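Data first, discussion second: the structure below is written as structure tokens.
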Amino acid sequence: MALLEIENLTVRFGGLTSISKLDLAVESGAIVALIGPNGAGKTTAFNVVTGVYEPTEGSVRFEGRQIGGRPPHAISQLGIARTFQNVRLFRGLTAIENVRAALAAARRSGSADVLRPPRWRRREAELNEQARSLLERLGLAREADAAAGGLPYGEQRLLEIARAIATRPRLLLLDEPAAGMNPSEKQALRELVARLREEFGLSIVLIEHDVRFVMDLCERVTVLDHGEKIAEGPPDTVRRDPRVIEAYLGTGGGAA
Amino acid sequence: MSRSGWITVAACALVLLALDVLLPRVLNPYYATIVIRIGIAVIAAVSLQLVNGFTGQFSIGHAGFMAVGAYVSAAFSVYVGAGWLEAFAAVLPGPLARVAYYPMALAAGGVAAAVAGLVVGIPALRLRGDYLAIATLGFAEVIRIAILNVDAVGGARGFSVAAADHPGADLRFEGFGTVYAVALVTIVVISRLVYSSGGLSFRAVREDEVAAASIGVPATRVKVEAFVVASFFAGVAGALFAHSEGYVHTNSFAFLRSFELVVFVVLGGLGSITGAVLAAAVLTAAPELLRGLGEWRMVLYSLLLIVTMLVRPQGLLGTRELGFDWLRRRLG
Amino acid sequence: MHGRWRVGLALAMALAVAACGREQTSGAGATGPIRVGHFASLTGDTATFGRSTDNGIRMKIEEVNARGGVLGRPLELVTEDDRSITEEARTTAQKLVQRDEVVALLGEVASSRSLAAAPEAQRARIPMISPASTNPRVTQVGDYVFRACFIDPFQGAVMAKFARETIGAKRVAILFDFKQDYSVGLADFFRKTFQSMGGEIVADERYTSGDIEFRAQLTKIRGTRPDAIFVPGYYTEAGLIAKQARELGITVPLLGGDGWDSTRTLEIGGSAVEGDFFSNHYAADSDSALVREFVEKYRAKYGEVPDAMAVLGYDAAGILVDALARAGTTDGPKLRDAIAATKDYPGVSGTISMDPQRNARKDAVVIEIKDGGFHYKQTVPAF
Amino acid sequence: MNGVAWGGIYALIALGYTMVYGVLKLINFAHGEVYMVGAMTGYYAAHWLGVAGAPSLTGLVLTLGASMIACALLAALIERVAYRPLRSAPRLAPLITAIGVSLLLQNLGQIVFGADPKFFPTLIESRNVFEMGGLSVSNVQLTVLGTALALMAGLELVVMRTRFGRAIRAVSFDAPAAALMGVPVDRVILGTFVVGAMLAAAAGVLVGLTNPKIEPLMGVLPGLKAFVAAVLGGIGNIPGAMVGGILLGVIETLVSGYLSSTYRDAIAFVLLIVILLYRPTGLFGVSQTEKV
């Protein structure tokens, strides 16, 4: 059984079909890329998997459980985390607070916060420690107490990944993690993603425009165009697929 | 709580008790009333800060929950509590009987307001931004007009917190210690709620609801929680108001009061508890301090608001806390 | 930015000055002027009332001072504005008692604000005389609280009697302001008395102070064909109600209470209020010498005909001065006893005695609106 | 019928709220006070112009014009002093200055105009032009409604057909983009305040015609209700504000007529809440799904 199984998924907004009859499976431990031109429905797929949108038809199963239509916070608690295309940090909080919020989100206890028994202090110290070590592993230790909104763009992207990992997911969805990065940053990111999979035992789906970026990182690539899957397979095969080339050239995309 | 924590609490209790005894001897009733009103304003403002400043929801109907607290606690005292108080007084010395009774009246007001907050919050918090604002304002007015039509609490005639059939029970309560103890509890509870890892959820919802949900924060529930907790303390503030004034009228809880509370919160700095405390204290005292100006006093008061906001658009303290680390170390 | 800071600084300094401003004037010793406090709504919703009572009180105090004061000392009036806010009535009363050390309090017009402030007078053992709060509960707060006017039950009953006996009405509609306890009280007692005299209340409609639109209620009332309509509200709405009633073709007389007593009723009602009646504390065109003299002096001083609030303010101050002279001291309890013993005090609003419930007992007059003015119609004696 | 006339007045005030909200996302709480100043200046203008004694249509037009100009200047001043410096400040800061300006105008009003109510001069002799059953229509009501509708039509024309109107729409849609396209955003915002204030001033004068009692605190409740009307229609939406205003006026009148005036003020809010729960962005508001 695959970790994530999307079957026959269709998403419509009014008369507009954003995704049509999509099938997609992500095996445990895999790194999968979702590529395709603008408006292909990649982010919509993420939004359905994370509960932001409801599927119009079809099913989304995570670890065998039907999750389509559940609220986002519940899906997060099941073990799916994500980042956003246009970076959505808690800009007014510090970097470490962003991570701590994610560490603590699922296990809040207002009465413990107010009464603060000894075990609350221990847990608080523990969370702080975890958050710090997570930041360290993403190279953000020095920015721990800086306001998230004030960080350079590249670090904001990293922080968003740190925050996602803090929810202890088994599946991580990265929405254009390399957008706006220069080649050397991209290289670092690629290494980081690979390392994170090992260290945290993650399965990763990432959306990317840049086919080269996903080439030696991903085992499989799924190509969407106009809401439909037009190709799927190992990167090398997909890259030579005439329909893929047409889709990219047709929209004038020089990304490939 | 740690040992130093208990020591701090004990010290605070002692200081408040001392204030309770000393202040009425030092301050005349006029100043005493102002000081008590400041305490009540602080409670209401800090509780609203949880909703508006920390959870980022824009409520402009907080006075409605004060009204619920004030009227329910007053009615409780007049129709039920007076008898209990008399019964307590039969076995306890007078002041002790009152100390034993008052928490019940306050709790009655607080719980009633919290229930109202839940009932209002669940449907209203689906709304966003200014639509939420206007809905809270609407609920507050509906609550007020509903109270105005209840004869058992005096309707348009207002409601005196005195029980005719229990002349021995003195239901008025003007202890500084009580008001400030409650204010302190409010400040401690709300600051502990928000300044903890779990409490980051409130601010996460304020910063970005979608992102908050993506890390597992049940945004709607967090909003309702904030609303209910805030309503509870607003209700307690209302209960204190009713029992210290001895007479309540729905006019005291019109939308102007709600606006005043919003002003406290924004002027003090959204997301700053000490800011709300500061603004509530200054702006509650100001109309009385400015009495020397005669008819110009409210003109100056409004100029003060405008100029402060122009000079400090982020509020007096922004999102910072005044000496909070110190306080946290003491109370932590 | 520097400019802004300077403005802020200037404001802060103004604040500080204002805060200290009054501090120097404290301490009324045994030889200085006798301080009398008046707390009133000089601004806000009911500013008109507060300003009128203050005019009346001020005039009385000046008269007394011109005659050499009382107990050999001049009187000093300290007026504080409560902005028409309930809880501010309480702080103003406290401020007057504590900081200005007044010997007695005059105020408020609105019963709710008198109720909020009265416990402070009672606690400080400083007598308080409300010029015009007609709600019975005000003086029930304690034995230091008095009033210079009659109470709602009396006034409601007066108009019920007038409607039944003088006009001969059988069917009366009521249109009252449900947010003003004054109006609610008058309507209650009118209803009771009128029904006990064999009359019928054919409609019981409500409005809210601040309304400017009554056509809906009046249309309903029109359908019940009443002989008269009792509108026990304030002048602010009464004139408009009359106007809209006439527009709708209602010709029966409207009856009101002392809340109608303002030239504004005429100004706004115009021809629509012709032939209407209301009960009042006094009639400006009464042939009593006392009234004539008062009206003349008031008009000379303030340039307008005094309304009932001015008269009641004047009389409240008069009762206090009279009691001060009889008590021979400014001591609270003794002054209280003297006020309680007031008997046949010749006030502009009638001959006043304090009844055991500390309510002024006096006659009421009914005023007819005729030829664009208020005219004395008849006196309804105290009962 | 009377409800419709009232609704017209609410709608005029609501337009000012909605337009300002459209361009600035600011709830201009001082707007009700601008309406009050409109009524007051109308009162003084009518006396000063000598049209108070003699009812005439010219008198009405002159009074309207005078008070609209006065309020336009006032609004420009308010915008310049209290809102513009806060253009880049946190969103709630100008809300507080708006409350401050509102309090300031109320309190200054009580000093400058006096706290006593004034009575607006009769600019039109009232008579019933139409009566049928329980329904009667007076010429005053018709004038009020006619003027309100004419002004709204004029506004619609300005917004849809002029460069200024286009600029307003552009700024409402996306202020930074409009600025990039060379729209003078500051001037457009100022213009929006001025137009809104003129409509409120007209509403003030029109209220003076039907219900002549005017006083410095008269703006508080109608201001709030007009805001409710604006939200009802979907705040930021101009036709929405018109419909919301008229709807509110009619419903209030019906409620106090057929149910009870006791609940009239409550009903506006109950209605509002119910509508918001079913349509969280008002009757005509476009629901903005956030792009994720």
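In the structure tokens, each chain is lettered A, B, ... as it comes, each chain's residues begin at 1, and ligands are numbered from 1 in order of appearance.
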
Distance table requested - chain A against chain D, cut-off 12 Å, only C-alpha atoms: one row per qualifying residue with the closest atom pair and its distance in Å to one decimal, ordered by chain and rising residue number, as JSON lines.
```
{"residue": "A:Phe13", "atom": "CA", "partner": "D:Thr289", "partner_atom": "CA", "distance": 11.1}
{"residue": "A:Lys42", "atom": "CA", "partner": "D:Val292", "partner_atom": "CA", "distance": 11.9}
{"residue": "A:Thr43", "atom": "CA", "partner": "D:Val292", "partner_atom": "CA", "distance": 8.2}
{"residue": "A:Thr44", "atom": "CA", "partner": "D:Val292", "partner_atom": "CA", "distance": 8.7}
{"residue": "A:Ala45", "atom": "CA", "partner": "D:Val292", "partner_atom": "CA", "distance": 11.5}
{"residue": "A:Phe46", "atom": "CA", "partner": "D:Val292", "partner_atom": "CA", "distance": 9.8}
{"residue": "A:Asn47", "atom": "CA", "partner": "D:Val292", "partner_atom": "CA", "distance": 7.7}
{"residue": "A:Val48", "atom": "CA", "partner": "D:Val292", "partner_atom": "CA", "distance": 11.1}
{"residue": "A:Thr50", "atom": "CA", "partner": "D:Val292", "partner_atom": "CA", "distance": 11.2}
{"residue": "A:Gly51", "atom": "CA", "partner": "D:Val292", "partner_atom": "CA", "distance": 11.5}
{"residue": "A:Val52", "atom": "CA", "partner": "D:Val292", "partner_atom": "CA", "distance": 8.2}
{"residue": "A:Tyr53", "atom": "CA", "partner": "D:Val292", "partner_atom": "CA", "distance": 9.9}
{"residue": "A:Arg82", "atom": "CA", "partner": "D:Val292", "partner_atom": "CA", "distance": 11.6}
{"residue": "A:Thr83", "atom": "CA", "partner": "D:Val292", "partner_atom": "CA", "distance": 10.4}
{"residue": "A:Phe84", "atom": "CA", "partner": "D:Val292", "partner_atom": "CA", "distance": 7.3}
{"residue": "A:Gln85", "atom": "CA", "partner": "D:Val292", "partner_atom": "CA", "distance": 7.8}
{"residue": "A:Asn86", "atom": "CA", "partner": "D:Val292", "partner_atom": "CA", "distance": 8.0}
{"residue": "A:Val87", "atom": "CA", "partner": "D:Val292", "partner_atom": "CA", "distance": 9.8}
{"residue": "A:Arg88", "atom": "CA", "partner": "D:Val292", "partner_atom": "CA", "distance": 9.1}
{"residue": "A:Asp175", "atom": "CA", "partner": "D:Val292", "partner_atom": "CA", "distance": 10.6}
```

Selection file, C-alpha atoms, as a PDB file, in the first residue's frame:
```pdb
ATOM      1  CA  PHE A  13     -14.604  25.587  -9.123  1.00  0.00           C
ATOM      2  CA  LYS A  42      -0.290  21.323  -9.135  1.00  0.00           C
ATOM      3  CA  THR A  43      -1.003  23.603  -6.199  1.00  0.00           C
ATOM      4  CA  THR A  44      -4.668  22.658  -6.338  1.00  0.00           C
ATOM      5  CA  ALA A  45      -3.623  19.050  -5.844  1.00  0.00           C
ATOM      6  CA  PHE A  46      -1.660  20.076  -2.757  1.00  0.00           C
ATOM      7  CA  ASN A  47      -4.618  22.044  -1.490  1.00  0.00           C
ATOM      8  CA  VAL A  48      -6.882  19.038  -1.801  1.00  0.00           C
ATOM      9  CA  THR A  50      -4.002  19.199   2.805  1.00  0.00           C
ATOM     10  CA  GLY A  51      -7.733  19.849   3.116  1.00  0.00           C
ATOM     11  CA  VAL A  52      -7.823  23.459   1.949  1.00  0.00           C
ATOM     12  CA  TYR A  53     -10.126  22.406  -0.893  1.00  0.00           C
ATOM     13  CA  ARG A  82       3.344  21.421   3.629  1.00  0.00           C
ATOM     14  CA  THR A  83       4.980  24.651   2.583  1.00  0.00           C
ATOM     15  CA  PHE A  84       3.390  27.320   0.456  1.00  0.00           C
ATOM     16  CA  GLN A  85       4.232  28.671  -2.944  1.00  0.00           C
ATOM     17  CA  ASN A  86       4.169  32.243  -1.655  1.00  0.00           C
ATOM     18  CA  VAL A  87       5.789  31.532   1.752  1.00  0.00           C
ATOM     19  CA  ARG A  88       3.290  31.866   4.583  1.00  0.00           C
ATOM     20  CA  ASP A 175       5.392  23.925  -3.112  1.00  0.00           C
TER      21      ASP A 175
END
```

Need the shell around Val103 of chain C: protein/DNA/RNA residues with any atom at most 10 Å away, counting only C-alpha atoms. Skip same-chain ones fewer than 5 positions apart. Format as a list in words? Ala28, Ile34, Arg35, Val36, Gly37, Leu96, Val97, Arg125, Ile126, Pro127, Met128, Leu320, Leu324, Thr329, Thr330, Asp331, Gly332 and Leu335 of chain C

Once you count only C-alpha atoms, which residues of chain B turn out to be within 9 Å of chain D? Could you give them as JSON, numbers by chain? {"B": [123, 124, 126, 127, 128, 130, 131, 132, 134, 135, 136, 137, 138, 139, 141, 142, 143, 144, 145, 146, 149, 210, 259, 262, 263, 266, 267, 270, 295, 296, 297, 298, 299, 300, 301, 302, 303, 304, 305, 306, 307, 308, 309, 310, 312, 313, 314, 315]}

Name the residues of segment 36-88 of chain D that fall into helix (DSSP H, G or I) according to DSSP on the backbone, using the chain letters and numbers of this document, as an NGL selection string. :D and (36-48 or 57-86)

Any idea what's packed within 9 Å of segment 221-227 of chain C, counting only C-alpha atoms, ignoring anything in its chain fewer than 5 positions away? Could you give it as a tab-separated table (two decimals) with N, CA, C and O atoms, in the first residue's frame?
```
chain	number	residue	atom	x	y	z
C	167	ILE	N	-61.87	66.44	30.20
C	167	ILE	CA	-62.14	66.24	28.77
C	167	ILE	C	-63.32	65.30	28.56
C	167	ILE	O	-63.99	65.34	27.55
C	168	GLY	N	-63.53	64.44	29.53
C	168	GLY	CA	-64.61	63.47	29.41
C	168	GLY	C	-64.27	62.32	28.48
C	168	GLY	O	-65.15	61.75	27.84
C	169	ALA	N	-63.00	62.00	28.40
C	169	ALA	CA	-62.58	60.93	27.49
C	169	ALA	C	-62.93	59.57	28.06
C	169	ALA	O	-62.84	59.35	29.27
C	170	LYS	N	-63.36	58.67	27.19
C	170	LYS	CA	-63.63	57.30	27.60
C	170	LYS	C	-62.56	56.35	27.09
C	170	LYS	O	-62.20	55.39	27.71
C	171	ARG	N	-62.11	56.63	25.88
C	171	ARG	CA	-61.14	55.77	25.23
C	171	ARG	C	-59.85	56.55	25.02
C	171	ARG	O	-59.83	57.55	24.33
C	172	VAL	N	-58.77	56.06	25.60
C	172	VAL	CA	-57.51	56.76	25.45
C	172	VAL	C	-56.43	55.80	24.94
C	172	VAL	O	-56.38	54.64	25.36
C	173	ALA	N	-55.63	56.29	24.02
C	173	ALA	CA	-54.48	55.50	23.56
C	173	ALA	C	-53.23	56.03	24.25
C	173	ALA	O	-53.15	57.22	24.57
C	174	ILE	N	-52.28	55.14	24.50
C	174	ILE	CA	-51.03	55.57	25.13
C	174	ILE	C	-49.88	55.32	24.15
C	174	ILE	O	-49.83	54.27	23.49
C	175	LEU	N	-49.01	56.29	24.04
C	175	LEU	CA	-47.80	56.13	23.23
C	175	LEU	C	-46.65	56.60	24.10
C	175	LEU	O	-46.50	57.78	24.34
C	201	ILE	N	-58.27	51.82	27.95
C	201	ILE	CA	-57.03	52.07	27.19
C	201	ILE	C	-57.15	51.27	25.90
C	201	ILE	O	-57.14	50.04	25.92
C	202	VAL	N	-57.27	51.97	24.78
C	202	VAL	CA	-57.54	51.25	23.54
C	202	VAL	C	-56.28	50.88	22.77
C	202	VAL	O	-56.31	50.02	21.90
C	203	ALA	N	-55.18	51.54	23.07
C	203	ALA	CA	-53.93	51.18	22.40
C	203	ALA	C	-52.78	51.49	23.33
C	203	ALA	O	-52.83	52.44	24.10
C	204	ASP	N	-51.76	50.65	23.28
C	204	ASP	CA	-50.61	50.81	24.16
C	204	ASP	C	-49.36	50.69	23.30
C	204	ASP	O	-48.81	49.61	23.13
C	205	GLU	N	-48.93	51.78	22.74
C	205	GLU	CA	-47.82	51.73	21.78
C	205	GLU	C	-46.55	52.29	22.41
C	205	GLU	O	-46.60	53.05	23.37
C	216	ALA	N	-45.76	54.87	12.07
C	216	ALA	CA	-46.27	53.50	12.12
C	216	ALA	C	-47.17	53.30	13.34
C	216	ALA	O	-48.29	52.80	13.23
C	245	ALA	N	-48.89	63.03	13.91
C	245	ALA	CA	-50.28	62.63	14.18
C	245	ALA	C	-51.22	63.48	13.33
C	245	ALA	O	-52.15	62.97	12.70
C	248	LEU	N	-51.35	62.59	9.81
C	248	LEU	CA	-52.11	61.37	9.55
C	248	LEU	C	-53.61	61.61	9.76
C	248	LEU	O	-54.40	60.67	9.73
C	249	GLY	N	-53.97	62.85	10.06
C	249	GLY	CA	-55.38	63.17	10.22
C	249	GLY	C	-55.95	62.86	11.58
C	249	GLY	O	-57.15	62.76	11.76
C	250	ILE	N	-55.08	62.71	12.59
C	250	ILE	CA	-55.57	62.51	13.95
C	250	ILE	C	-55.84	63.89	14.55
C	250	ILE	O	-54.96	64.75	14.57
C	252	VAL	N	-57.74	64.32	17.68
C	252	VAL	CA	-58.04	64.35	19.12
C	252	VAL	C	-56.84	64.93	19.87
C	252	VAL	O	-55.70	64.90	19.37
C	253	PRO	N	-57.09	65.49	21.06
C	253	PRO	CA	-55.97	66.12	21.78
C	253	PRO	C	-54.94	65.10	22.26
C	253	PRO	O	-55.28	63.97	22.60
```

Would you list the contacts of Phe49 of chain C as a list in words, taking every protein, DNA or RNA residue within 9 Å and counting only C-alpha atoms, but skipping same-chain residues closer than 6 positions in sequence?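 Listed by chain and then number, they are Ala40, Ser41, Leu42, Val109, Ala110, Met309 and Ala310 of chain C.
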
Same residues, N, CA, C and O atoms, saved as a PDB file, in the first residue's frame:
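Output (again-v2.pdb):
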```pdb
ATOM      1  N   ALA C  40     -24.875  67.613  36.992  1.00  0.00           N
ATOM      2  CA  ALA C  40     -25.905  67.734  35.968  1.00  0.00           C
ATOM      3  C   ALA C  40     -25.358  67.349  34.615  1.00  0.00           C
ATOM      4  O   ALA C  40     -24.155  67.316  34.392  1.00  0.00           O
ATOM      5  N   SER C  41     -26.261  67.069  33.694  1.00  0.00           N
ATOM      6  CA  SER C  41     -25.872  66.725  32.337  1.00  0.00           C
ATOM      7  C   SER C  41     -25.740  68.001  31.508  1.00  0.00           C
ATOM      8  O   SER C  41     -26.697  68.435  30.904  1.00  0.00           O
ATOM      9  N   LEU C  42     -24.576  68.597  31.542  1.00  0.00           N
ATOM     10  CA  LEU C  42     -24.374  69.808  30.749  1.00  0.00           C
ATOM     11  C   LEU C  42     -24.059  69.473  29.299  1.00  0.00           C
ATOM     12  O   LEU C  42     -24.157  70.319  28.419  1.00  0.00           O
ATOM     13  N   VAL C 109     -31.465  65.318  37.089  1.00  0.00           N
ATOM     14  CA  VAL C 109     -32.811  65.305  36.524  1.00  0.00           C
ATOM     15  C   VAL C 109     -33.235  63.867  36.207  1.00  0.00           C
ATOM     16  O   VAL C 109     -34.298  63.419  36.624  1.00  0.00           O
ATOM     17  N   ALA C 110     -32.365  63.142  35.500  1.00  0.00           N
ATOM     18  CA  ALA C 110     -32.708  61.775  35.109  1.00  0.00           C
ATOM     19  C   ALA C 110     -32.694  60.859  36.324  1.00  0.00           C
ATOM     20  O   ALA C 110     -31.740  60.854  37.098  1.00  0.00           O
ATOM     21  N   MET C 309     -37.672  72.549  34.328  1.00  0.00           N
ATOM     22  CA  MET C 309     -36.406  72.139  34.932  1.00  0.00           C
ATOM     23  C   MET C 309     -35.736  73.326  35.624  1.00  0.00           C
ATOM     24  O   MET C 309     -35.160  73.191  36.696  1.00  0.00           O
ATOM     25  N   ALA C 310     -35.833  74.486  34.987  1.00  0.00           N
ATOM     26  CA  ALA C 310     -35.250  75.686  35.591  1.00  0.00           C
ATOM     27  C   ALA C 310     -35.978  76.013  36.891  1.00  0.00           C
ATOM     28  O   ALA C 310     -35.365  76.324  37.908  1.00  0.00           O
TER      29      ALA C 310
END
```

Strand (DSSP E) per DSSP on the backbone: members of segment 268-376 of chain C, as a ChimeraX atom specification: /C:277-280,345-347,350-354,360-361,364-370,373-376

Any idea what's packed within 8 Å of segment 174-191 of chain D, counting only C-alpha atoms, ignoring anything in its chain fewer than 2 positions away? Could you give it as a ChimeraX atom specification? /D:20,23-24,76,79-80,164,167-168,170-172,193-195

For the residues selected in the previous step, produce a file with all heavy atoms as a compact mmCIF listing (two decimals), in the first residue's frame.
```
# COMPACT_ATOMS: atom_id res chain seq x y z
N VAL D 20 -15.28 54.95 1.08
CA VAL D 20 -14.02 55.09 1.81
C VAL D 20 -13.45 53.71 2.13
O VAL D 20 -12.26 53.46 1.99
CB VAL D 20 -14.23 55.91 3.11
CG1 VAL D 20 -13.03 55.77 4.02
CG2 VAL D 20 -14.48 57.35 2.76
N VAL D 23 -11.67 52.28 -0.97
CA VAL D 23 -10.32 52.72 -1.32
C VAL D 23 -9.31 52.51 -0.20
O VAL D 23 -8.12 52.33 -0.46
CB VAL D 23 -10.27 54.20 -1.78
CG1 VAL D 23 -11.05 54.37 -3.08
CG2 VAL D 23 -10.79 55.13 -0.72
N LEU D 24 -9.75 52.57 1.05
CA LEU D 24 -8.78 52.54 2.15
C LEU D 24 -8.91 51.33 3.08
O LEU D 24 -8.07 51.14 3.94
CB LEU D 24 -8.94 53.80 3.02
CG LEU D 24 -8.18 55.04 2.60
CD1 LEU D 24 -8.35 56.11 3.66
CD2 LEU D 24 -6.71 54.73 2.41
N ALA D 76 -12.07 66.91 3.82
CA ALA D 76 -10.72 67.04 3.29
C ALA D 76 -9.74 67.27 4.44
O ALA D 76 -8.66 66.68 4.50
CB ALA D 76 -10.66 68.19 2.29
N GLU D 79 -9.27 64.06 6.47
CA GLU D 79 -8.45 63.08 5.76
C GLU D 79 -6.99 63.48 5.84
O GLU D 79 -6.11 62.67 6.14
CB GLU D 79 -8.91 63.00 4.30
CG GLU D 79 -8.42 61.78 3.56
CD GLU D 79 -7.03 61.91 2.97
OE1 GLU D 79 -6.59 63.06 2.69
OE2 GLU D 79 -6.35 60.90 2.80
N ARG D 80 -6.75 64.75 5.59
CA ARG D 80 -5.38 65.26 5.55
C ARG D 80 -4.69 65.11 6.91
O ARG D 80 -3.55 64.69 6.99
CB ARG D 80 -5.45 66.74 5.12
CG ARG D 80 -4.17 67.35 4.66
CD ARG D 80 -3.73 66.77 3.34
NE ARG D 80 -2.32 67.10 3.12
CZ ARG D 80 -1.30 66.53 3.73
NH1 ARG D 80 -1.53 65.57 4.60
NH2 ARG D 80 -0.07 66.89 3.49
N PHE D 164 -12.26 60.31 -12.89
CA PHE D 164 -12.16 60.24 -11.44
C PHE D 164 -12.79 58.93 -10.93
O PHE D 164 -12.23 58.24 -10.08
CB PHE D 164 -12.85 61.45 -10.82
CG PHE D 164 -12.98 61.38 -9.32
CD1 PHE D 164 -11.84 61.31 -8.52
CD2 PHE D 164 -14.23 61.36 -8.72
CE1 PHE D 164 -11.96 61.24 -7.15
CE2 PHE D 164 -14.34 61.29 -7.34
CZ PHE D 164 -13.21 61.23 -6.56
N ALA D 167 -10.65 56.10 -11.64
CA ALA D 167 -9.53 56.09 -10.69
C ALA D 167 -9.97 55.50 -9.35
O ALA D 167 -9.25 54.70 -8.76
CB ALA D 167 -9.00 57.51 -10.51
N ILE D 168 -11.16 55.89 -8.92
CA ILE D 168 -11.66 55.34 -7.64
C ILE D 168 -11.74 53.83 -7.73
O ILE D 168 -11.30 53.10 -6.85
CB ILE D 168 -13.06 55.91 -7.31
CG1 ILE D 168 -12.96 57.36 -6.89
CG2 ILE D 168 -13.71 55.10 -6.18
CD1 ILE D 168 -14.27 57.94 -6.42
N ALA D 170 -10.17 51.88 -9.70
CA ALA D 170 -8.83 51.30 -9.80
C ALA D 170 -8.18 51.19 -8.43
O ALA D 170 -7.63 50.15 -8.07
CB ALA D 170 -7.96 52.14 -10.73
N VAL D 171 -8.30 52.26 -7.64
CA VAL D 171 -7.68 52.25 -6.32
C VAL D 171 -8.37 51.22 -5.43
O VAL D 171 -7.72 50.52 -4.65
CB VAL D 171 -7.73 53.66 -5.68
CG1 VAL D 171 -7.23 53.61 -4.25
CG2 VAL D 171 -6.89 54.63 -6.50
N SER D 172 -9.70 51.11 -5.54
CA SER D 172 -10.41 50.12 -4.74
C SER D 172 -9.92 48.72 -5.07
O SER D 172 -9.78 47.88 -4.21
CB SER D 172 -11.92 50.15 -5.03
OG SER D 172 -12.43 51.41 -4.75
N PHE D 193 -13.19 60.80 -0.03
CA PHE D 193 -13.68 61.35 1.23
C PHE D 193 -14.63 62.52 0.96
O PHE D 193 -15.68 62.64 1.58
CB PHE D 193 -12.52 61.83 2.09
CG PHE D 193 -12.00 60.77 3.02
CD1 PHE D 193 -10.94 59.97 2.65
CD2 PHE D 193 -12.59 60.58 4.25
CE1 PHE D 193 -10.48 58.99 3.49
CE2 PHE D 193 -12.13 59.59 5.10
CZ PHE D 193 -11.06 58.80 4.72
N VAL D 194 -14.22 63.38 0.04
CA VAL D 194 -15.00 64.58 -0.22
C VAL D 194 -16.37 64.21 -0.78
O VAL D 194 -17.40 64.70 -0.31
CB VAL D 194 -14.21 65.50 -1.19
CG1 VAL D 194 -15.13 66.56 -1.76
CG2 VAL D 194 -13.05 66.14 -0.45
N VAL D 195 -16.38 63.29 -1.73
CA VAL D 195 -17.67 62.90 -2.31
C VAL D 195 -18.56 62.25 -1.25
O VAL D 195 -19.74 62.58 -1.12
CB VAL D 195 -17.44 61.94 -3.50
CG1 VAL D 195 -18.77 61.35 -3.96
CG2 VAL D 195 -16.77 62.67 -4.65
```

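Across the structure, atom CA of Ala340 of chain C and atom CA of Arg51 of chain C are spaced 26.8 Å apart.
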
Write out as a PyMOL selection string every residue belonging to chain B that has an atom at most 9 Å from any atom of chain C, counting only C-alpha atoms. chain B and resi 28-31+33-34+148-149+155-158+160+245-249+251-252+286+288-295+297+300+303-304+307-308+310-311
